[in-house]
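Student: I'd like to ask you about the structure that follows.
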Amino acid sequence: MDKLIITAAICGAEVTKEHNPNVPYTIEEIGYQAETAYKAGASIIHLHVREDDGTPTQNKERFKLAMDEIRRRCPDVIIQPSTGGAVGMTDEERLQPTELYPEMATLDCGTLNFGGDEIFVNTENTIKNFGKIMIERDIKPEVEVFDKGMVDYAIKFHKQGFIKAPMHFDFVLGVQMSASARDLAFLVDSIPQGSTWTVAGIGRNQFPMAALAIVMGGHVRVGFEDNTYLEKGVLAKTNGEQVEKVVRLAKELGREIASPTEAREILGLKPLSV
Ligand code: KMH
Ligand code: ZN
């Protein structure tokens with residue numbers, strides 16, 4: 001079994017300081033939260049950025065500032081900007097961080113309900129266009145999957161040349177699709193051989209899904225984007241606390257943690273050039 005890659009989704013676009021005052025908005029706060037996760041064992045930072053008042057943005061300059069600050073504090077971490085951004089943003093807005101040529105970025109493979117009246121729109125043309133741009137810019141997509149149909153879309157678009165293999169999937173469970181062992185096993189069984197996968201359980205699903213991924217040979221995503229608690233009724237002070245909890249679970253279950261260098265090898269990324 002490969003070593004365990006831990007991704008920290010430190011910020012998100014939806015959670016606010018009203019949910020947890022430690023949700024980072026400023027560049028300094030984002031850098032600090034990334035550093036806590038990295039020092040605890042995260043090898044990937046999944047990144048959204050905010051204006052100082054918390055407004056989500058996909059502004060390229062803001063991403064550059066955040067990425068430089070993260071790189072300063074976490075020299076070898078893999079930075080994975082979101083191209084999902086926030087509900088309602090245009091494709092052009094969402095694509096801005098890809099102009100910075102990150103090693104990875106997310107590629108959301110379908111449209112879904114996002115609570116209340118919100119719909120997170122990813123048409124076929126959006127997915128194909130994002131995939132094509134990521135190939136041109138040599139960015140490895142993390143294929144974001146919120147239900148089984150999105151696995152099927154990813155396979156279809158791979159066959160059409162818009163996503164390269166081996167694909168890396170992130171199963172986000174507890175938004176549109178429920179988060180059970182059966183759901184996860186079904187998704188894992190549905191992806192092409194040679195793919196890698198990670199799971200992001202939303203809210204109280206976070207650590208149960210992490211434990212399943214640890215024993216099933218997948219990888220784990222935690223972070224405030226998905227859950228702002230450390231345990232029932234206890235808000236996390238840092239993303240690092242959640243990463244530490246995954247590291248403890250992995251240790252108990254006999255799975256070693258991947259360094260960023262090892263994560264690059266597992267994901268087929270180029271070694272970091274200095
Ligand atoms: N904030 C959601 C609308 C991604 O990062 O690619 C989209 C999202 C997925 O978080
Ligand atoms: Zn995200």
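Numbering starts fresh at 1 for the residues of each chain in the structure tokens, the chains themselves are lettered A, B, ... in the order given, and ligands are numbered from 1 as they appear.
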Kindly work out which residues sit at most 9 Å from ligand 1, using only C-alpha atoms and all ligand atoms, and give the list as a PyMOL selection string.
Tutor: chain A and resi 9+12-14+46-48+56+81-89+105-108+114+119-121+142-144+172+225-226
Student: Do a neighbour search on Asn239 in chain A at 12 Å with only C-alpha atoms, toss out local chain neighbours closer than 4 positions, and write the hits as a ChimeraX atom specification.
Tutor: /A:6-12,20,22-24,29-42,45-46,221-230,235,243-246
Student: Between CA of Val215 in chain A and CA of Lys251 in chain A, what is the spacing in Å?
Tutor: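 These atoms are spaced 11.2 Å apart.
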Student: Apply DSSP to the backbone of this structure and, from range 50-245 of chain A, keep only the residues in strand (DSSP E); write these as a PyMOL selection string.
Tutor: chain A and resi 50+56-57+78-81+104-108+112-113+119-120+140-145+168-173+196-201+219-222+229-231+234-235
Student: Generate the output file for the selected residues, N, CA and C atoms, as a tab-separated table (two decimals), in the first residue's frame.
Tutor:
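File produced: part-v5.tsv:
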```tsv
chain	number	residue	atom	x	y	z
A	50	ARG	N	-9.55	34.39	-0.25
A	50	ARG	CA	-10.59	35.35	0.14
A	50	ARG	C	-10.00	36.75	0.13
A	56	PRO	N	-15.11	35.37	-1.05
A	56	PRO	CA	-14.31	34.49	-1.90
A	56	PRO	C	-13.96	35.15	-3.22
A	57	THR	N	-12.75	34.90	-3.71
A	57	THR	CA	-12.31	35.46	-4.98
A	57	THR	C	-11.43	34.44	-5.68
A	78	ILE	N	2.82	20.68	-1.96
A	78	ILE	CA	2.12	20.77	-3.25
A	78	ILE	C	0.94	21.71	-3.07
A	79	ILE	N	0.87	22.74	-3.89
A	79	ILE	CA	-0.23	23.71	-3.78
A	79	ILE	C	-1.23	23.42	-4.90
A	80	GLN	N	-2.47	23.21	-4.49
A	80	GLN	CA	-3.52	22.80	-5.43
A	80	GLN	C	-4.67	23.82	-5.39
A	81	PRO	N	-4.60	24.86	-6.23
A	81	PRO	CA	-5.68	25.84	-6.24
A	81	PRO	C	-7.01	25.22	-6.70
A	104	MET	N	-0.94	21.25	-9.48
A	104	MET	CA	-2.26	20.61	-9.53
A	104	MET	C	-3.34	21.70	-9.46
A	105	ALA	N	-4.56	21.32	-9.82
A	105	ALA	CA	-5.74	22.18	-9.59
A	105	ALA	C	-6.95	21.25	-9.62
A	106	THR	N	-8.04	21.71	-9.05
A	106	THR	CA	-9.24	20.86	-9.06
A	106	THR	C	-9.96	20.96	-10.41
A	107	LEU	N	-10.63	19.87	-10.76
A	107	LEU	CA	-11.46	19.82	-11.97
A	107	LEU	C	-12.78	19.17	-11.57
A	108	ASP	N	-13.81	20.00	-11.40
A	108	ASP	CA	-15.11	19.51	-10.93
A	108	ASP	C	-15.86	18.90	-12.10
A	112	LEU	N	-24.09	20.17	-9.54
A	112	LEU	CA	-24.75	19.59	-8.35
A	112	LEU	C	-25.49	20.64	-7.53
A	113	ASN	N	-26.42	20.15	-6.74
A	113	ASN	CA	-27.08	21.00	-5.75
A	113	ASN	C	-26.09	21.36	-4.66
A	119	ILE	N	-26.83	26.20	-7.01
A	119	ILE	CA	-26.41	25.13	-7.91
A	119	ILE	C	-24.97	25.43	-8.35
A	120	PHE	N	-24.09	24.45	-8.18
A	120	PHE	CA	-22.70	24.59	-8.61
A	120	PHE	C	-22.63	24.03	-10.03
A	140	LYS	N	-1.78	18.86	-13.14
A	140	LYS	CA	-2.50	17.59	-12.89
A	140	LYS	C	-3.83	17.90	-12.22
A	141	PRO	N	-4.94	17.48	-12.82
A	141	PRO	CA	-6.23	17.75	-12.18
A	141	PRO	C	-6.47	16.82	-10.99
A	142	GLU	N	-7.05	17.36	-9.96
A	142	GLU	CA	-7.69	16.51	-8.96
A	142	GLU	C	-9.16	16.50	-9.36
A	143	VAL	N	-9.62	15.35	-9.83
A	143	VAL	CA	-10.97	15.23	-10.36
A	143	VAL	C	-11.95	15.20	-9.18
A	144	GLU	N	-12.72	16.27	-9.04
A	144	GLU	CA	-13.65	16.37	-7.91
A	144	GLU	C	-14.95	15.68	-8.28
A	145	VAL	N	-15.32	14.72	-7.46
A	145	VAL	CA	-16.48	13.87	-7.72
A	145	VAL	C	-17.44	13.97	-6.55
A	168	HIS	N	-6.42	11.26	-10.83
A	168	HIS	CA	-6.49	11.32	-9.36
A	168	HIS	C	-7.86	11.89	-8.99
A	169	PHE	N	-8.63	11.12	-8.23
A	169	PHE	CA	-10.00	11.50	-7.88
A	169	PHE	C	-10.08	11.99	-6.44
A	170	ASP	N	-10.95	12.95	-6.21
A	170	ASP	CA	-11.33	13.33	-4.83
A	170	ASP	C	-12.83	13.09	-4.70
A	171	PHE	N	-13.21	12.14	-3.86
A	171	PHE	CA	-14.62	11.86	-3.61
A	171	PHE	C	-15.09	12.77	-2.47
A	172	VAL	N	-15.96	13.71	-2.81
A	172	VAL	CA	-16.48	14.63	-1.79
A	172	VAL	C	-17.84	14.08	-1.37
A	173	LEU	N	-17.88	13.52	-0.18
A	173	LEU	CA	-19.09	12.80	0.25
A	173	LEU	C	-19.78	13.51	1.40
A	196	THR	N	-5.55	7.04	-8.69
A	196	THR	CA	-5.43	7.23	-7.25
A	196	THR	C	-6.67	7.97	-6.77
A	197	TRP	N	-6.93	7.91	-5.48
A	197	TRP	CA	-8.12	8.60	-4.96
A	197	TRP	C	-7.90	9.08	-3.53
A	198	THR	N	-8.65	10.11	-3.22
A	198	THR	CA	-8.67	10.63	-1.86
A	198	THR	C	-10.14	10.84	-1.50
A	199	VAL	N	-10.44	10.97	-0.23
A	199	VAL	CA	-11.84	11.21	0.14
A	199	VAL	C	-11.92	12.42	1.08
A	200	ALA	N	-12.94	13.24	0.84
A	200	ALA	CA	-13.23	14.38	1.69
A	200	ALA	C	-14.63	14.18	2.25
A	201	GLY	N	-14.72	13.76	3.49
A	201	GLY	CA	-16.02	13.63	4.15
A	201	GLY	C	-16.44	14.98	4.71
A	219	HIS	N	-6.41	7.94	-0.09
A	219	HIS	CA	-5.75	9.06	0.58
A	219	HIS	C	-6.83	9.92	1.24
A	220	VAL	N	-6.41	10.91	2.02
A	220	VAL	CA	-7.36	11.61	2.89
A	220	VAL	C	-7.28	13.12	2.70
A	221	ARG	N	-8.48	13.75	2.63
A	221	ARG	CA	-8.52	15.21	2.69
A	221	ARG	C	-9.27	15.63	3.94
A	222	VAL	N	-8.67	16.54	4.69
A	222	VAL	CA	-9.37	17.18	5.81
A	222	VAL	C	-9.24	18.69	5.63
A	229	TYR	N	-14.77	21.41	12.76
A	229	TYR	CA	-14.68	20.81	14.11
A	229	TYR	C	-13.51	19.83	14.19
A	230	LEU	N	-13.07	19.61	15.41
A	230	LEU	CA	-12.06	18.57	15.66
A	230	LEU	C	-12.76	17.31	16.16
A	231	GLU	N	-13.76	17.52	16.96
A	231	GLU	CA	-14.63	16.42	17.42
A	231	GLU	C	-15.97	17.06	17.76
A	234	VAL	N	-16.43	20.52	19.54
A	234	VAL	CA	-15.11	21.18	19.73
A	234	VAL	C	-14.61	21.72	18.39
A	235	LEU	N	-14.60	23.05	18.27
A	235	LEU	CA	-14.08	23.66	17.04
A	235	LEU	C	-12.57	23.47	16.96
```
Student: Given the choices A:Gly115, A:Arg137, A:Gly54, A:Ile202, which gets closest to ligand 2 if the distance is worked out from only C-alpha atoms and all ligand atoms?
Tutor: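 For ligand 2, the nearest of the given residues is A:Ile202.
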Student: Considering only C-alpha atoms and all ligand atoms, can you say which of A:Phe146, A:Glu28, A:Asn205, A:Gly254 comes closest to ligand 2?
Tutor: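 Among the listed residues, A:Phe146 lies closest to ligand 2.
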Student: What is the distance, in Å and to one decimal place, between CA of Thr123 in chain A and CA of Phe186 in chain A?
Tutor: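 Pair CA of Thr123 in chain A / CA of Phe186 in chain A returns 24.1 Å.
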Student: Output as a ChimeraX atom specification all residues of range 14-119 of chain A that backbone DSSP marks as alpha helix (DSSP H).
Tutor: /A:27-40,60-73,91-95
Student: Would you output that residue set with N, CA, C and O atoms, as a short mmCIF file (atom, residue, chain, number, x, y, z; two decimals), in the first residue's frame?
Tutor:
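Output contents, as saved in selection_11.cif:
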```cif
data_model
loop_
_atom_site.label_atom_id
_atom_site.label_comp_id
_atom_site.auth_asym_id
_atom_site.auth_seq_id
_atom_site.Cartn_x
_atom_site.Cartn_y
_atom_site.Cartn_z
N ILE A 27 -3.98 36.93 3.81
CA ILE A 27 -2.83 36.15 3.30
C ILE A 27 -2.04 35.58 4.49
O ILE A 27 -1.63 34.41 4.48
N GLU A 28 -1.86 36.39 5.53
CA GLU A 28 -1.14 35.94 6.73
C GLU A 28 -1.87 34.75 7.37
O GLU A 28 -1.26 33.74 7.73
N GLU A 29 -3.18 34.87 7.50
CA GLU A 29 -3.96 33.78 8.12
C GLU A 29 -3.91 32.51 7.26
O GLU A 29 -3.79 31.40 7.79
N ILE A 30 -4.01 32.68 5.95
CA ILE A 30 -3.95 31.52 5.05
C ILE A 30 -2.58 30.85 5.16
O ILE A 30 -2.48 29.62 5.28
N GLY A 31 -1.53 31.67 5.17
CA GLY A 31 -0.17 31.12 5.31
C GLY A 31 -0.01 30.37 6.62
O GLY A 31 0.54 29.26 6.66
N TYR A 32 -0.52 30.96 7.69
CA TYR A 32 -0.40 30.32 9.01
C TYR A 32 -1.13 28.98 9.05
O TYR A 32 -0.59 27.97 9.50
N GLN A 33 -2.37 28.97 8.56
CA GLN A 33 -3.15 27.72 8.59
C GLN A 33 -2.50 26.65 7.70
O GLN A 33 -2.47 25.47 8.06
N ALA A 34 -1.96 27.06 6.57
CA ALA A 34 -1.27 26.09 5.71
C ALA A 34 -0.06 25.51 6.44
O ALA A 34 0.19 24.30 6.39
N GLU A 35 0.66 26.36 7.13
CA GLU A 35 1.87 25.90 7.83
C GLU A 35 1.53 24.90 8.93
O GLU A 35 2.22 23.91 9.12
N THR A 36 0.42 25.14 9.65
CA THR A 36 0.05 24.18 10.71
C THR A 36 -0.25 22.81 10.10
O THR A 36 0.12 21.77 10.66
N ALA A 37 -0.91 22.81 8.94
CA ALA A 37 -1.26 21.54 8.29
C ALA A 37 -0.01 20.84 7.77
O ALA A 37 0.16 19.62 7.93
N TYR A 38 0.86 21.62 7.16
CA TYR A 38 2.11 21.07 6.59
C TYR A 38 2.98 20.47 7.70
O TYR A 38 3.48 19.34 7.58
N LYS A 39 3.12 21.21 8.78
CA LYS A 39 3.98 20.72 9.88
C LYS A 39 3.39 19.46 10.51
O LYS A 39 4.12 18.62 11.04
N ALA A 40 2.08 19.32 10.44
CA ALA A 40 1.43 18.13 11.03
C ALA A 40 1.50 16.93 10.08
O ALA A 40 1.26 15.80 10.52
N LYS A 60 -6.30 36.34 -9.65
CA LYS A 60 -4.97 35.74 -9.88
C LYS A 60 -3.91 36.34 -8.95
O LYS A 60 -3.06 35.64 -8.41
N GLU A 61 -3.98 37.67 -8.77
CA GLU A 61 -2.97 38.32 -7.93
C GLU A 61 -3.10 37.87 -6.48
O GLU A 61 -2.11 37.68 -5.78
N ARG A 62 -4.35 37.68 -6.05
CA ARG A 62 -4.56 37.22 -4.66
C ARG A 62 -4.03 35.79 -4.50
O ARG A 62 -3.42 35.45 -3.50
N PHE A 63 -4.27 34.96 -5.50
CA PHE A 63 -3.71 33.60 -5.46
C PHE A 63 -2.20 33.65 -5.42
O PHE A 63 -1.56 32.89 -4.70
N LYS A 64 -1.61 34.54 -6.21
CA LYS A 64 -0.13 34.62 -6.25
C LYS A 64 0.40 34.98 -4.86
O LYS A 64 1.36 34.35 -4.38
N LEU A 65 -0.24 35.95 -4.22
CA LEU A 65 0.21 36.35 -2.88
C LEU A 65 0.10 35.17 -1.91
O LEU A 65 1.02 34.89 -1.13
N ALA A 66 -1.04 34.47 -1.95
CA ALA A 66 -1.25 33.35 -1.03
C ALA A 66 -0.27 32.22 -1.32
O ALA A 66 0.30 31.62 -0.39
N MET A 67 -0.05 31.94 -2.59
CA MET A 67 0.85 30.84 -2.95
C MET A 67 2.29 31.17 -2.56
O MET A 67 3.03 30.31 -2.07
N ASP A 68 2.69 32.42 -2.75
CA ASP A 68 4.05 32.83 -2.34
C ASP A 68 4.21 32.70 -0.83
O ASP A 68 5.25 32.25 -0.33
N GLU A 69 3.18 33.10 -0.08
CA GLU A 69 3.25 33.03 1.38
C GLU A 69 3.30 31.56 1.85
O GLU A 69 4.06 31.21 2.76
N ILE A 70 2.51 30.72 1.20
CA ILE A 70 2.53 29.28 1.56
C ILE A 70 3.90 28.69 1.21
O ILE A 70 4.49 27.94 1.99
N ARG A 71 4.41 29.03 0.06
CA ARG A 71 5.72 28.50 -0.38
C ARG A 71 6.82 28.94 0.59
O ARG A 71 7.73 28.18 0.90
N ARG A 72 6.73 30.18 1.09
CA ARG A 72 7.73 30.69 2.04
C ARG A 72 7.71 29.86 3.34
O ARG A 72 8.74 29.54 3.91
N ARG A 73 6.50 29.49 3.77
CA ARG A 73 6.37 28.79 5.05
C ARG A 73 6.49 27.27 4.90
O ARG A 73 6.84 26.60 5.87
N ASP A 91 -16.72 30.93 -15.60
CA ASP A 91 -15.59 30.04 -15.90
C ASP A 91 -14.29 30.84 -15.97
O ASP A 91 -13.24 30.39 -15.52
N GLU A 92 -14.35 32.03 -16.57
CA GLU A 92 -13.14 32.84 -16.73
C GLU A 92 -12.56 33.22 -15.36
O GLU A 92 -11.36 33.14 -15.13
N GLU A 93 -13.46 33.62 -14.44
CA GLU A 93 -12.98 33.93 -13.08
C GLU A 93 -12.33 32.71 -12.45
O GLU A 93 -11.25 32.79 -11.88
N ARG A 94 -13.02 31.59 -12.57
CA ARG A 94 -12.57 30.36 -11.89
C ARG A 94 -11.22 29.87 -12.40
O ARG A 94 -10.45 29.28 -11.64
N LEU A 95 -10.94 30.13 -13.67
CA LEU A 95 -9.71 29.59 -14.27
C LEU A 95 -8.45 30.39 -13.93
O LEU A 95 -7.33 29.94 -14.21
#
```
Student: Please list as a PyMOL selection string every residue within 10 Å of Asp183 in chain A, counting only C-alpha atoms and excluding residues in the same chain fewer than 4 positions away.
Tutor: chain A and resi 147-148+171+173+177-179+187-189
Student: Nearest residue to Arg264 in chain A out of A:Thr111, A:Asn59, A:Thr16, A:Ser43, using only C-alpha atoms?
Tutor: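 When distances to Arg264 in chain A are compared using only C-alpha atoms, the smallest one comes from A:Ser43.
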Student: Mind checking which residues fall within 8 Å of Asp138 in chain A, counting only C-alpha atoms, ignoring those fewer than 4 positions away in the same chain, and posting them as a VMD selection string?
Tutor: chain A and resid 101 103 134
Student: Keeping only C-alpha atoms, write those residues as a PDB file, in the first residue's frame.
Tutor:
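So result34.pdb came out as:
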```pdb
ATOM      1  CA  TYR A 101       0.960  27.151 -13.569  1.00  0.00           C
ATOM      2  CA  GLU A 103       1.370  21.602 -10.108  1.00  0.00           C
ATOM      3  CA  MET A 134      -4.929  21.981 -17.597  1.00  0.00           C
TER       4      MET A 134
END
```
Student: From the set A:Val15, A:Leu272, A:Val175, A:Val247, which residue has the shortest atom-to-atom contact distance to Pro102 in chain A, counting only C-alpha atoms?
Tutor: A:Leu272
Student: One decimal, Å: what's the distance from CA of Arg204 in chain A over to CA of Arg248 in chain A, could you say?
Tutor: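 Going from CA of Arg204 in chain A over to CA of Arg248 in chain A covers 17.7 Å.
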Student: Determine the nearest neighbour of Ile191 in chain A from the options A:Glu252, A:Gln176, A:His158, A:Lys232, counting only C-alpha atoms.
Tutor: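 Comparing A:Glu252, A:Gln176, A:His158, A:Lys232 against Ile191 in chain A, the winner is A:His158.
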